[in-house]
Amino acid sequence: FRKVFVEGEIGSIEGVVFKNWEIGDFDFSLPLQCYGQDFGFSNDPTTLIRVAVEKRQRKIYLHECYYQKYLTTSQIAQLNREFAGEQTIVADCSEPRLISELQAQGLKMVKSNAESKQRVAGALKIMQDYEIIVTQESLNLQKELRNYVWLVNEIPIDDYNHAIDAAKYAFFFLVGRGSGVYSVI
């Protein structure tokens, strides 16, 4: 039971949101790239996910940069500089103070758009139309993809979604440019 439903080693859980993913190499040559970030502290991790999109082939490339709990603002800033440098980071809009503090430390932070539960479901369905390539070393992201399931009425559970949320923020920033969906703070 534990290996199937918790660790996802034997099979996948019924109702899993993403069945359209596989392990592969990140395509660093793509021009559409940025980072997504979801914030946590004690109960949830702070995540940073590198995302690239190939629109014509309908592929999303994901690489987990970090997935850690108990990070302070200065630690997040240091890790973000290490992994993203001067590239855009699209972050969870529910933490405007933290985004502003990171921006004040010289990071190029972009606030994601607020999402209702219905809008989250719609966003996930758009991502289901793409093939998702996840790097071999992105273990926490792989675990989330194996365990993120629909709860009821096409609303996903609020668990196993921290790296997925970060990826979603960056993906929609890249494919939704010019739509007014995201804005620089």
# chains A, B, ... in the order shown; residues from 1 in each chain; ligands from 1
$ select_by_dssp --residues "region 44-96 of chain A" --states "strand (DSSP E)" --output "list in words"
Thr46, Thr47, Leu48, Ile49, Arg50, Val51, Ala52, Val53, Glu54, Lys59, Ile60, Tyr61, Leu62, His63, Glu64, Cys65, Tyr66, Tyr67, Gln68, Ile89, Val90 and Ala91 of chain A
$ residues_around --residues "Gly106 (chain A)" --least-positions-apart "2" --cutoff "9 Å" --atoms "only C-alpha atoms" --output "ChimeraX atom specification"
/A:77,81,86,102-104,108-109
$ closest_residue --among "A:Arg56, A:Lys69, A:Arg97, A:Lys111" --to "Phe172 (chain A)" --atoms "only C-alpha atoms"
A:Lys111
$ residues_around --residues "Asp159 (chain A)" --least-positions-apart "6" --cutoff "10 Å" --atoms "only C-alpha atoms" --output "list in words"
Asp44, Glu144, Asn147, Tyr148 and Val149 of chain A
$ closest_residue --among "A:Lys59, A:Leu32, A:Glu154, A:Asp27" --to "Gly176 (chain A)" --atoms "only C-alpha atoms"
A:Leu32
$ residues_around --residues "region 87-92 of chain A" --least-positions-apart "3" --cutoff "10 Å" --atoms "only C-alpha atoms" --output "PyMOL selection string"
chain A and resi 33-40+47-50+80-81+83-84+95-96+98-99+107-114+165-174+182-184
$ select_by_dssp --residues "chain A" --states "helix (DSSP H, G or I)" --output "PyMOL selection string"
chain A and resi 2-5+73-84+96-104+117-128+139-147+162-175
$ atom_distance --atom1 "CA of Arg58 (chain A)" --atom2 "CA of Glu14 (chain A)"
24.9 Å
$ closest_atom_pairs --of "region 136-157 of chain A" --to "region 121-132 of chain A" --cutoff "10 Å" --atoms "only C-alpha atoms" --output "JSON lines"
{"residue": "A:Trp150", "atom": "CA", "partner": "A:Ala121", "partner_atom": "CA", "distance": 9.0}
{"residue": "A:Asn153", "atom": "CA", "partner": "A:Ala121", "partner_atom": "CA", "distance": 9.5}
{"residue": "A:Glu154", "atom": "CA", "partner": "A:Ala121", "partner_atom": "CA", "distance": 6.3}
{"residue": "A:Ile155", "atom": "CA", "partner": "A:Ala121", "partner_atom": "CA", "distance": 6.0}
{"residue": "A:Pro156", "atom": "CA", "partner": "A:Ala121", "partner_atom": "CA", "distance": 7.1}
$ write_last_selection --atoms "N, CA and C atoms" --output "CSV table (one decimal), in the first residue's frame"
chain,number,residue,atom,x,y,z
A,150,TRP,N,-6.9,14.5,-8.4
A,150,TRP,CA,-8.1,15.3,-8.3
A,150,TRP,C,-8.9,14.9,-7.0
A,153,ASN,N,-15.0,17.1,-8.1
A,153,ASN,CA,-15.4,18.2,-9.1
A,153,ASN,C,-14.3,18.9,-9.7
A,154,GLU,N,-13.3,18.1,-10.1
A,154,GLU,CA,-12.1,18.6,-10.8
A,154,GLU,C,-11.4,19.7,-10.0
A,155,ILE,N,-11.4,19.5,-8.7
A,155,ILE,CA,-10.6,20.3,-7.8
A,155,ILE,C,-9.4,19.4,-7.3
A,156,PRO,N,-8.2,19.8,-7.5
A,156,PRO,CA,-7.1,19.0,-7.0
A,156,PRO,C,-6.9,19.1,-5.5
$ closest_residue --among "A:Arg146, A:Asn43, A:Leu71, A:Asp158" --to "Gly15 (chain A)" --atoms "only C-alpha atoms"
A:Arg146
